[in-house]
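Colleague: File target-v1.txt below, compact mmCIF, C-alpha atoms and all ligand atoms:
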# COMPACT_ATOMS: atom_id res chain seq x y z
CA MET A 1 -4.21 4.10 -28.18
CA SER A 2 -4.20 7.85 -27.52
CA HIS A 3 -2.27 9.40 -24.64
CA LEU A 4 -2.06 8.18 -21.07
CA ALA A 5 -2.11 10.09 -17.78
CA VAL A 6 -0.89 8.85 -14.42
CA LEU A 7 -1.35 10.21 -10.92
CA THR A 8 -0.59 9.19 -7.35
CA SER A 9 -3.27 9.84 -4.77
CA GLY A 10 -4.09 9.68 -1.06
CA GLY A 11 -1.63 8.57 1.60
CA ASP A 12 1.67 7.95 -0.18
CA ALA A 13 3.12 4.45 -0.12
CA PRO A 14 6.69 3.27 -0.71
CA GLY A 15 6.83 1.87 -4.25
CA MET A 16 4.64 4.51 -5.89
CA ASN A 17 7.72 5.84 -7.68
CA ALA A 18 8.67 2.35 -8.85
CA SER A 19 5.23 1.90 -10.41
CA LEU A 20 5.42 5.33 -12.05
CA ARG A 21 8.78 4.41 -13.59
CA ALA A 22 7.34 1.14 -14.89
CA ILE A 23 4.32 2.88 -16.42
CA VAL A 24 6.32 5.61 -18.15
CA ARG A 25 8.95 3.28 -19.54
CA SER A 26 6.72 0.44 -20.65
CA ALA A 27 4.35 2.95 -22.29
CA ASN A 28 7.30 4.61 -24.01
CA ASN A 29 8.38 1.23 -25.37
CA LYS A 30 4.95 0.98 -26.97
CA LYS A 31 5.17 4.57 -28.31
CA ILE A 32 2.48 5.86 -25.97
CA LYS A 33 2.83 9.41 -24.68
CA VAL A 34 2.50 9.71 -20.89
CA TYR A 35 1.47 12.73 -18.84
CA GLY A 36 2.16 12.93 -15.12
CA VAL A 37 -0.45 14.69 -13.02
CA PHE A 38 0.97 16.59 -10.06
CA ASN A 39 -0.72 16.41 -6.67
CA GLY A 40 -3.28 13.67 -7.39
CA PHE A 41 -6.90 14.46 -8.18
CA GLU A 42 -6.39 18.04 -6.99
CA GLY A 43 -3.83 18.54 -9.76
CA LEU A 44 -6.14 16.90 -12.27
CA ILE A 45 -8.83 19.44 -11.43
CA ASP A 46 -6.34 22.31 -11.56
CA ASP A 47 -4.81 21.14 -14.86
CA ARG A 48 -1.33 20.46 -13.48
CA LEU A 49 -0.14 17.99 -16.10
CA ALA A 50 3.21 17.61 -17.85
CA GLU A 51 4.62 15.06 -20.22
CA LEU A 52 6.87 12.48 -18.57
CA LYS A 53 9.76 11.02 -20.53
CA PRO A 54 11.65 7.82 -19.60
CA ARG A 55 14.75 9.67 -18.36
CA GLN A 56 12.63 11.77 -15.99
CA VAL A 57 11.73 8.66 -14.04
CA GLY A 58 15.35 7.56 -13.67
CA ASN A 59 16.82 7.03 -10.21
CA ILE A 60 13.45 6.90 -8.47
CA ILE A 61 12.80 3.15 -8.14
CA GLN A 62 14.49 3.20 -4.72
CA ARG A 63 12.80 6.33 -3.38
CA GLY A 64 9.85 6.43 -1.01
CA GLY A 65 7.00 8.92 -1.39
CA SER A 66 5.96 10.04 -4.86
CA ILE A 67 7.77 12.46 -7.15
CA LEU A 68 4.31 13.46 -8.44
CA GLN A 69 3.11 14.31 -4.89
CA THR A 70 -0.28 13.20 -3.61
CA SER A 71 -3.39 14.82 -2.19
CA ARG A 72 -6.60 13.78 -0.51
CA SER A 73 -9.06 15.66 -2.69
CA LYS A 74 -12.42 16.65 -1.25
CA ARG A 75 -13.28 18.51 -4.45
CA PHE A 76 -13.06 15.30 -6.49
CA LEU A 77 -16.10 13.96 -4.59
CA ASP A 78 -18.11 16.60 -6.44
CA LYS A 79 -19.15 15.73 -10.00
CA LYS A 80 -18.64 19.32 -11.13
CA TYR A 81 -14.90 19.03 -10.39
CA ARG A 82 -14.67 15.54 -11.88
CA ASN A 83 -16.08 16.98 -15.10
CA GLN A 84 -13.46 19.72 -14.99
CA ALA A 85 -10.78 17.05 -14.53
CA ARG A 86 -12.16 15.06 -17.49
CA GLU A 87 -12.06 18.17 -19.70
CA ASN A 88 -8.39 18.69 -18.80
CA LEU A 89 -7.62 15.17 -20.00
CA LEU A 90 -9.74 15.17 -23.15
CA LYS A 91 -8.38 18.48 -24.40
CA ARG A 92 -4.93 16.82 -24.52
CA ASP A 93 -6.30 13.73 -26.27
CA ILE A 94 -5.74 11.64 -23.15
CA SER A 95 -8.21 8.77 -23.01
CA SER A 96 -6.50 6.48 -20.51
CA VAL A 97 -5.77 7.20 -16.87
CA ILE A 98 -3.88 5.22 -14.25
CA VAL A 99 -4.61 6.07 -10.63
CA ILE A 100 -2.03 4.81 -8.14
CA GLY A 101 -3.47 4.87 -4.64
CA GLY A 102 -5.45 3.28 -1.87
CA GLU A 103 -9.08 2.49 -1.25
CA GLY A 104 -10.46 6.06 -1.45
CA SER A 105 -8.36 6.86 -4.52
CA LEU A 106 -9.58 3.76 -6.33
CA LYS A 107 -13.16 4.82 -5.58
CA GLY A 108 -12.33 8.15 -7.23
CA ALA A 109 -10.85 6.25 -10.18
CA ALA A 110 -14.00 4.15 -10.47
CA CYS A 111 -16.20 7.30 -10.58
CA LEU A 112 -14.01 8.85 -13.26
CA GLY A 113 -14.30 5.70 -15.37
CA GLU A 114 -18.05 5.21 -14.86
CA GLU A 115 -18.90 8.76 -15.89
CA GLY A 116 -17.74 8.11 -19.43
CA GLU A 117 -15.19 8.87 -22.15
CA LEU A 118 -12.17 7.67 -20.16
CA ASN A 119 -10.57 4.28 -19.68
CA VAL A 120 -9.34 4.05 -16.13
CA LEU A 121 -7.15 1.48 -14.37
CA GLY A 122 -6.13 1.54 -10.72
CA LEU A 123 -2.93 0.36 -9.08
CA PRO A 124 -3.48 -0.59 -5.44
CA ALA A 125 -0.88 1.35 -3.45
CA THR A 126 -1.34 1.79 0.27
CA ILE A 127 0.50 0.62 3.36
CA ASP A 128 -2.89 -0.43 4.78
CA ARG A 129 -3.56 -3.41 2.42
CA ASP A 130 -7.25 -2.63 2.92
CA ILE A 131 -8.52 -3.38 -0.59
CA PRO A 132 -10.41 -6.65 -0.91
CA LEU A 133 -9.41 -9.26 -3.52
CA VAL A 134 -6.23 -7.56 -4.73
CA GLY A 135 -3.81 -9.23 -2.30
CA PRO A 136 -0.67 -7.31 -1.36
CA THR A 137 -0.79 -3.58 -2.05
CA ILE A 138 2.23 -1.53 -3.06
CA GLY A 139 3.85 -0.22 0.14
CA PHE A 140 2.49 -2.81 2.54
CA ASP A 141 5.62 -4.97 2.64
CA THR A 142 7.87 -1.95 3.26
CA ALA A 143 5.63 -0.71 6.06
CA ILE A 144 5.78 -4.14 7.71
CA ASN A 145 9.57 -4.24 7.43
CA THR A 146 9.82 -0.75 8.90
CA SER A 147 7.49 -1.72 11.74
CA LEU A 148 9.50 -4.87 12.41
CA GLN A 149 12.72 -2.91 12.78
CA ALA A 150 11.07 -0.87 15.52
CA ILE A 151 9.41 -3.88 17.13
CA ASP A 152 12.69 -5.83 17.24
CA ARG A 153 14.33 -2.92 19.04
CA ILE A 154 11.48 -2.66 21.51
CA ARG A 155 11.67 -6.44 22.04
CA ASP A 156 15.31 -6.06 23.13
CA THR A 157 14.44 -3.62 25.87
CA ALA A 158 11.14 -5.35 26.77
CA SER A 159 12.82 -8.68 27.39
CA THR A 160 15.66 -7.05 29.33
CA SER A 161 13.55 -4.85 31.59
CA ASN A 162 10.57 -7.24 31.66
CA THR A 163 8.01 -4.61 30.71
CA VAL A 164 4.74 -4.78 28.77
CA HIS A 165 4.88 -2.78 25.54
CA ILE A 166 1.97 -1.60 23.47
CA ILE A 167 2.93 -0.69 19.90
CA GLU A 168 0.36 1.14 17.81
CA VAL A 169 0.55 0.68 14.06
CA MET A 170 -1.31 2.38 11.22
CA GLY A 171 -3.90 0.84 8.94
CA ARG A 172 -6.88 3.07 9.53
CA ALA A 173 -9.89 0.75 10.10
CA CYS A 174 -8.02 -2.29 8.89
CA GLY A 175 -5.80 -4.70 10.80
CA TRP A 176 -3.45 -6.17 8.18
CA ILE A 177 -0.43 -4.18 9.35
CA SER A 178 -1.04 -5.35 12.92
CA LEU A 179 -1.38 -8.93 11.78
CA PHE A 180 1.80 -9.13 9.73
CA ALA A 181 3.84 -7.00 12.15
CA GLY A 182 2.48 -9.16 14.98
CA ILE A 183 3.31 -12.47 13.33
CA GLY A 184 6.69 -11.28 12.05
CA GLY A 185 7.59 -9.59 15.34
CA GLY A 186 6.54 -12.52 17.52
CA ALA A 187 3.94 -10.43 19.38
CA GLU A 188 2.16 -11.91 22.37
CA ALA A 189 -1.14 -10.54 20.98
CA VAL A 190 -2.55 -8.35 18.23
CA ILE A 191 -5.58 -6.15 18.75
CA LEU A 192 -7.44 -5.36 15.53
CA PRO A 193 -10.64 -3.57 14.59
CA GLU A 194 -11.93 -6.69 12.84
CA PHE A 195 -12.01 -9.05 15.84
CA PRO A 196 -13.19 -8.41 19.40
CA THR A 197 -10.61 -8.59 22.20
CA ASP A 198 -11.57 -9.91 25.62
CA ILE A 199 -9.44 -7.58 27.79
CA GLU A 200 -9.76 -9.62 30.99
CA LYS A 201 -8.70 -12.76 29.17
CA LEU A 202 -5.78 -10.93 27.56
CA ALA A 203 -4.64 -9.59 30.96
CA SER A 204 -4.79 -13.01 32.58
CA GLN A 205 -2.88 -14.57 29.65
CA ILE A 206 -0.13 -11.98 30.08
CA LYS A 207 0.00 -12.65 33.84
CA GLU A 208 0.26 -16.40 33.23
CA GLN A 209 3.02 -15.93 30.66
CA ARG A 210 4.97 -13.73 33.05
CA SER A 211 4.60 -16.16 35.95
CA SER A 212 5.82 -18.98 33.68
CA GLY A 213 9.06 -17.02 33.14
CA LYS A 214 8.35 -15.13 29.90
CA GLN A 215 10.35 -11.91 29.90
CA GLY A 216 8.69 -8.87 28.35
CA CYS A 217 5.53 -8.67 26.32
CA ILE A 218 4.69 -7.01 23.01
CA LEU A 219 1.11 -6.14 22.13
CA ILE A 220 0.50 -4.75 18.64
CA VAL A 221 -2.60 -2.63 18.30
CA SER A 222 -4.13 -1.08 15.20
CA GLU A 223 -4.87 2.63 15.31
CA GLY A 224 -8.49 1.74 14.46
CA ALA A 225 -8.90 -0.81 17.29
CA CYS A 226 -10.39 -0.15 20.77
CA ASN A 227 -13.20 1.98 19.31
CA SER A 228 -10.70 3.91 17.18
CA SER A 229 -8.65 4.97 20.19
CA GLY A 230 -5.81 2.56 19.33
CA GLY A 231 -2.91 2.26 21.76
CA GLU A 232 -4.23 4.81 24.23
CA GLY A 233 -7.56 3.00 24.35
CA LEU A 234 -5.78 -0.28 25.04
CA VAL A 235 -3.78 1.29 27.90
CA LYS A 236 -7.02 2.52 29.50
CA ASP A 237 -8.72 -0.85 29.03
CA LEU A 238 -5.79 -2.81 30.48
CA ASN A 239 -5.40 -0.43 33.41
CA LYS A 240 -8.99 -1.21 34.44
CA VAL A 241 -8.23 -4.92 34.85
CA SER A 242 -4.52 -5.09 35.74
CA ASN A 243 -1.60 -3.16 37.17
CA PHE A 244 0.99 -3.86 34.47
CA ASP A 245 3.84 -1.42 34.06
CA LEU A 246 2.78 -0.40 30.54
CA ARG A 247 4.82 1.41 27.88
CA ILE A 248 3.32 2.75 24.67
CA THR A 249 4.97 3.51 21.30
CA LYS A 250 3.08 4.92 18.34
CA LEU A 251 4.92 4.17 15.10
CA GLY A 252 2.88 6.69 13.08
CA HIS A 253 4.11 8.07 9.77
CA ILE A 254 7.50 6.37 10.06
CA GLN A 255 5.65 3.42 8.51
CA ARG A 256 4.85 5.40 5.37
CA GLY A 257 8.34 6.59 4.54
CA GLY A 258 11.62 5.05 3.48
CA ASN A 259 13.02 3.11 0.56
CA PRO A 260 10.62 0.53 -0.81
CA SER A 261 11.51 -3.10 -0.06
CA ALA A 262 12.50 -5.50 -2.82
CA VAL A 263 9.03 -7.03 -2.71
CA ASP A 264 7.37 -3.64 -3.21
CA ARG A 265 9.72 -2.60 -6.01
CA VAL A 266 9.03 -5.79 -7.93
CA LEU A 267 5.28 -5.69 -7.28
CA ALA A 268 5.09 -2.02 -8.31
CA SER A 269 7.12 -2.69 -11.46
CA ARG A 270 4.94 -5.63 -12.47
CA LEU A 271 1.67 -3.83 -11.79
CA GLY A 272 2.84 -0.66 -13.56
CA ALA A 273 3.87 -2.55 -16.68
CA GLY A 274 0.75 -4.71 -16.30
CA ALA A 275 -1.46 -1.63 -16.44
CA VAL A 276 0.01 -0.51 -19.76
CA GLU A 277 -0.40 -4.04 -21.16
CA GLY A 278 -3.91 -4.07 -19.71
CA PHE A 279 -4.94 -0.97 -21.66
CA LEU A 280 -3.38 -2.32 -24.85
CA SER A 281 -5.43 -5.49 -24.55
CA GLY A 282 -8.64 -3.52 -24.04
CA ASN A 283 -9.06 -3.53 -20.27
CA LYS A 284 -10.63 -0.60 -18.45
CA GLN A 285 -12.42 0.23 -15.19
CA CYS A 286 -10.36 -2.38 -13.30
CA VAL A 287 -7.77 -2.67 -10.57
CA VAL A 288 -4.52 -4.25 -11.71
CA ALA A 289 -3.60 -6.79 -9.06
CA GLN A 290 -1.47 -9.79 -8.23
CA PRO A 291 -3.49 -11.63 -5.59
CA LYS A 292 -1.67 -14.22 -3.55
CA ASP A 293 -2.81 -17.79 -3.33
CA LYS A 294 -3.56 -19.59 -0.13
CA ILE A 295 -1.30 -22.34 1.15
CA LYS A 296 -1.29 -25.20 -1.35
CA MET A 297 -0.23 -28.85 -1.27
CA ILE A 298 1.89 -29.46 -4.36
CA PRO A 299 2.90 -33.04 -5.14
CA PHE A 300 6.69 -33.54 -5.24
CA ASN A 301 6.34 -34.95 -8.75
CA ASP A 302 4.88 -31.68 -10.07
CA LEU A 303 8.00 -29.70 -9.18
CA SER A 304 10.32 -30.63 -12.02
CA GLY A 305 10.86 -28.54 -15.13
CA ILE A 306 8.76 -25.45 -14.33
CA LEU A 307 11.34 -23.09 -12.85
CA ASN A 308 12.18 -21.29 -16.09
CA SER A 309 8.58 -20.77 -17.16
CA GLU A 310 7.87 -19.08 -13.81
CA MET A 311 10.84 -16.78 -14.37
CA GLU A 312 9.95 -15.77 -17.91
CA ASP A 313 7.53 -12.92 -17.10
CA TYR A 314 10.04 -11.35 -14.73
CA TYR A 315 12.88 -11.76 -17.22
CA LYS A 316 10.94 -9.99 -20.00
CA LEU A 317 9.97 -7.19 -17.62
CA ILE A 318 13.59 -6.09 -17.14
CA PHE A 319 13.87 -5.11 -20.82
CA ARG A 320 10.58 -3.17 -20.85
CA LEU A 321 11.67 -0.90 -18.02
CA VAL A 322 15.00 0.46 -19.21
O1 LIG B 401 -4.02 5.22 4.34
C1 LIG B 401 -2.70 5.27 4.73
C2 LIG B 401 -2.58 5.90 6.09
O2 LIG B 401 -1.21 5.96 6.41
C3 LIG B 401 -3.35 5.22 7.21
O3 LIG B 401 -2.71 4.08 7.70
C4 LIG B 401 -3.46 6.34 8.22
O4 LIG B 401 -4.59 6.19 9.04
C5 LIG B 401 -3.62 7.54 7.33
O5 LIG B 401 -3.06 7.22 6.09
C6 LIG B 401 -2.97 8.79 7.87
O6 LIG B 401 -3.25 9.82 7.00
P1 LIG B 401 -2.67 11.29 7.11
O7 LIG B 401 -1.23 11.22 6.77
O8 LIG B 401 -3.46 12.06 6.11
O9 LIG B 401 -2.87 11.71 8.53
Could you write out this structure as structure tokens?
Modeller:
Amino acid sequence: MSHLAVLTSGGDAPGMNASLRAIVRSANNKKIKVYGVFNGFEGLIDDRLAELKPRQVGNIIQRGGSILQTSRSKRFLDKKYRNQARENLLKRDISSVIVIGGEGSLKGAACLGEEGELNVLGLPATIDRDIPLVGPTIGFDTAINTSLQAIDRIRDTASTSNTVHIIEVMGRACGWISLFAGIGGGAEAVILPEFPTDIEKLASQIKEQRSSGKQGCILIVSEGACNSSGGEGLVKDLNKVSNFDLRITKLGHIQRGGNPSAVDRVLASRLGAGAVEGFLSGNKQCVVAQPKDKIKMIPFNDLSGILNSEMEDYYKLIFRLV
């Protein structure tokens, strides 16, 4: 295999650095030279590449953001610039590229792969979890944990002062953050772009809950809900049908920052190492993913003797990432 390039793109997500570390170190263990591209697709167009050695990705597994920086590149939508990017790779004998990013970035990765000469793999990294089939995305778990810290605090004051709180979370046009933050934070309702909300019904449910003695109320709303007007839209809608004493908190970019959670560090490490293995076994033009299964019924009798085999992949991974 010739050389490998890696870039982080789009909205940054906690765990991007952990996946970068895994890629550089597992590639190094297989004697593959890795280039880091600075500033996402923009840097690829502008030829901002430098070799990355294993020690340069030390002490980053715990850091949010991306040491490579990211960009949302408009130029990369134009084939002329994608060709320029391809030239920058080929002149260094780089034939494999790993794009770490969200939905838009993976579309960019797909274009780069389809247009020839390069083998491209994508690592799903976005707090939004808005990529079908891939299951959890790198950064999602951290964003939920960060949201829950805020929601728990708001719950304290909501239940003490008996107020109705609207908490707006990110996720663009997708409601996964709302759903998980809502379930984990014990919200009274979640308002998502994907499902319609009957505002009158919601208001009367809240009234009923309050008259039955429930103290405080937390409503989680996606930024993309209420015709993309998010929390403010929900305030307007509720004010038309009720006279609740409403409070609104927008969590915003707080959800994107911070140290990645354990779940995100492990996921990012597995997917990063998985991408290098993927190339070596001939994969290209794919997303590297670890989709989660649905709830299963497992007979008691099937449980014995499998613990160690489930651990083996994780055990081996430790030694590929040093
Ligand atoms: O895609 C990640 C995300 O954080 C979305 O949840 C949000 O809508 C968007 O990025 C914000 O992007 P920016 O930081 O460019 O405003």
Colleague: Here is a test: counting only C-alpha atoms, which residue of A:Ile183, A:Leu192, A:Ile306, A:Leu321 is nearest to Lys30 in chain A?
Modeller: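 Closest residue, counting only C-alpha atoms: A:Leu321.
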Colleague: Using only C-alpha atoms and all ligand atoms, which of the listed residues (A:Val169, A:Leu7, A:Val34, A:Ala109) sits closest to ligand LIG 401 (chain B)?
Modeller: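 Residue with the minimum atom-to-atom distance to ligand LIG 401 (chain B): A:Val169.
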Colleague: Quick one: residues within 10 Å of (2.9, 1.2, -26.8) (file frame), counting all atoms listed in the file, please, as a PyMOL selection string.
Modeller: chain A and resi 1-3+25-33+276-277+279-280
Colleague: Tell me, as a PyMOL selection string, which residues lie within 8 Å of range 118-134 of chain A, counting only C-alpha atoms; anything in the same chain fewer than 6 positions away does not count.
Modeller: chain A and resi 11-16+86+95-103+106+109-110+112+140-143+170-172+174-177+255-256+271-272+275+279+283-291
Colleague: With distances taken over only C-alpha atoms, which residue among A:His253, A:Lys79, A:Arg72, A:Lys292 lies nearest Glu168 in chain A?
Modeller: A:His253
Colleague: To one decimal in Å, tell me the separation between CA of Ser269 in chain A and CA of Gly58 in chain A.
Modeller: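 If I compute the distance from CA of Ser269 in chain A to CA of Gly58 in chain A, I get 13.3 Å.
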Colleague: Give me the residues near Asp198 in chain A as a PyMOL selection string, where near means some atom within 12 Å (using only C-alpha atoms) and where sequence neighbours in that chain fewer than 4 positions away do not count.
Modeller: chain A and resi 189-192+202-205+226+234+237-238+241
Colleague: What separation in Å, quoted to one decimal, exists between CA of Val263 in chain A and CA of Ser178 in chain A?
Modeller: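 Between CA of Val263 in chain A and CA of Ser178 in chain A the gap is 18.7 Å.
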Colleague: For ligand LIG 401 (chain B), take all atoms listed in the file, fit an axis-aligned box around them, add 6 Å to each of the six sides, then output centre and edge lengths in Å rounded to one decimal, as AutoDock Vina command-line options.
Modeller:
--center_x -2.9 --center_y 8.1 --center_z 6.7 --size_x 15.4 --size_y 20.0 --size_z 16.7
Colleague: Hey, could you patch up range 171-202 of chain A with N, CA and C atoms and hand it over as a JSON list (two decimals), in the frame of the given file?
Modeller:
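Result file follows (selection.json):
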[["chain", "number", "residue", "atom", "x", "y", "z"],
["A", 171, "GLY", "N", -3.00, 1.77, 9.64],
["A", 171, "GLY", "CA", -3.90, 0.84, 8.94],
["A", 171, "GLY", "C", -5.34, 1.32, 8.92],
["A", 172, "ARG", "N", -5.54, 2.50, 9.48],
["A", 172, "ARG", "CA", -6.88, 3.07, 9.53],
["A", 172, "ARG", "C", -7.85, 2.07, 10.18],
["A", 173, "ALA", "N", -8.94, 1.67, 9.48],
["A", 173, "ALA", "CA", -9.89, 0.75, 10.10],
["A", 173, "ALA", "C", -9.57, -0.71, 9.78],
["A", 174, "CYS", "N", -8.35, -0.96, 9.39],
["A", 174, "CYS", "CA", -8.02, -2.29, 8.89],
["A", 174, "CYS", "C", -6.79, -2.85, 9.63],
["A", 175, "GLY", "N", -6.82, -4.13, 9.91],
["A", 175, "GLY", "CA", -5.80, -4.70, 10.80],
["A", 175, "GLY", "C", -4.66, -5.47, 10.14],
["A", 176, "TRP", "N", -4.49, -5.37, 8.82],
["A", 176, "TRP", "CA", -3.45, -6.17, 8.18],
["A", 176, "TRP", "C", -2.05, -5.82, 8.67],
["A", 177, "ILE", "N", -1.78, -4.54, 8.89],
["A", 177, "ILE", "CA", -0.43, -4.18, 9.35],
["A", 177, "ILE", "C", -0.18, -4.82, 10.72],
["A", 178, "SER", "N", -1.17, -4.73, 11.60],
["A", 178, "SER", "CA", -1.04, -5.35, 12.92],
["A", 178, "SER", "C", -0.76, -6.84, 12.79],
["A", 179, "LEU", "N", -1.52, -7.48, 11.91],
["A", 179, "LEU", "CA", -1.38, -8.93, 11.78],
["A", 179, "LEU", "C", 0.01, -9.34, 11.34],
["A", 180, "PHE", "N", 0.48, -8.73, 10.27],
["A", 180, "PHE", "CA", 1.80, -9.13, 9.73],
["A", 180, "PHE", "C", 2.93, -8.68, 10.66],
["A", 181, "ALA", "N", 2.80, -7.47, 11.22],
["A", 181, "ALA", "CA", 3.84, -7.00, 12.15],
["A", 181, "ALA", "C", 3.82, -7.89, 13.39],
["A", 182, "GLY", "N", 2.62, -8.30, 13.79],
["A", 182, "GLY", "CA", 2.48, -9.16, 14.98],
["A", 182, "GLY", "C", 3.08, -10.54, 14.75],
["A", 183, "ILE", "N", 2.77, -11.13, 13.61],
["A", 183, "ILE", "CA", 3.31, -12.47, 13.33],
["A", 183, "ILE", "C", 4.83, -12.39, 13.16],
["A", 184, "GLY", "N", 5.25, -11.41, 12.34],
["A", 184, "GLY", "CA", 6.69, -11.28, 12.05],
["A", 184, "GLY", "C", 7.49, -10.85, 13.27],
["A", 185, "GLY", "N", 6.87, -10.10, 14.17],
["A", 185, "GLY", "CA", 7.59, -9.59, 15.34],
["A", 185, "GLY", "C", 7.42, -10.47, 16.57],
["A", 186, "GLY", "N", 6.72, -11.60, 16.40],
["A", 186, "GLY", "CA", 6.54, -12.52, 17.52],
["A", 186, "GLY", "C", 5.75, -11.90, 18.67],
["A", 187, "ALA", "N", 4.71, -11.12, 18.33],
["A", 187, "ALA", "CA", 3.94, -10.43, 19.38],
["A", 187, "ALA", "C", 3.18, -11.45, 20.24],
["A", 188, "GLU", "N", 2.94, -11.05, 21.48],
["A", 188, "GLU", "CA", 2.16, -11.91, 22.37],
["A", 188, "GLU", "C", 0.67, -11.81, 22.01],
["A", 189, "ALA", "N", 0.25, -10.67, 21.45],
["A", 189, "ALA", "CA", -1.14, -10.54, 20.98],
["A", 189, "ALA", "C", -1.25, -9.40, 19.97],
["A", 190, "VAL", "N", -2.24, -9.49, 19.11],
["A", 190, "VAL", "CA", -2.55, -8.35, 18.23],
["A", 190, "VAL", "C", -4.00, -7.95, 18.49],
["A", 191, "ILE", "N", -4.23, -6.66, 18.49],
["A", 191, "ILE", "CA", -5.58, -6.15, 18.75],
["A", 191, "ILE", "C", -6.00, -5.37, 17.51],
["A", 192, "LEU", "N", -7.04, -5.89, 16.84],
["A", 192, "LEU", "CA", -7.44, -5.36, 15.53],
["A", 192, "LEU", "C", -8.88, -4.86, 15.57],
["A", 193, "PRO", "N", -9.24, -3.99, 14.63],
["A", 193, "PRO", "CA", -10.64, -3.57, 14.59],
["A", 193, "PRO", "C", -11.58, -4.71, 14.18],
["A", 194, "GLU", "N", -11.06, -5.68, 13.43],
["A", 194, "GLU", "CA", -11.93, -6.69, 12.84],
["A", 194, "GLU", "C", -12.41, -7.77, 13.81],
["A", 195, "PHE", "N", -11.64, -7.98, 14.90],
["A", 195, "PHE", "CA", -12.01, -9.05, 15.84],
["A", 195, "PHE", "C", -12.08, -8.49, 17.25],
["A", 196, "PRO", "N", -13.09, -8.93, 18.03],
["A", 196, "PRO", "CA", -13.19, -8.41, 19.40],
["A", 196, "PRO", "C", -12.06, -8.94, 20.28],
["A", 197, "THR", "N", -11.63, -8.13, 21.24],
["A", 197, "THR", "CA", -10.61, -8.59, 22.20],
["A", 197, "THR", "C", -11.23, -8.64, 23.59],
["A", 198, "ASP", "N", -11.10, -9.78, 24.24],
["A", 198, "ASP", "CA", -11.57, -9.91, 25.62],
["A", 198, "ASP", "C", -10.42, -9.44, 26.52],
["A", 199, "ILE", "N", -10.55, -8.22, 27.06],
["A", 199, "ILE", "CA", -9.44, -7.58, 27.79],
["A", 199, "ILE", "C", -9.06, -8.37, 29.04],
["A", 200, "GLU", "N", -10.09, -8.87, 29.76],
["A", 200, "GLU", "CA", -9.76, -9.62, 30.99],
["A", 200, "GLU", "C", -8.97, -10.87, 30.66],
["A", 201, "LYS", "N", -9.39, -11.53, 29.59],
["A", 201, "LYS", "CA", -8.70, -12.76, 29.17],
["A", 201, "LYS", "C", -7.25, -12.44, 28.75],
["A", 202, "LEU", "N", -7.13, -11.33, 28.01],
["A", 202, "LEU", "CA", -5.78, -10.93, 27.56],
["A", 202, "LEU", "C", -4.88, -10.66, 28.77]]
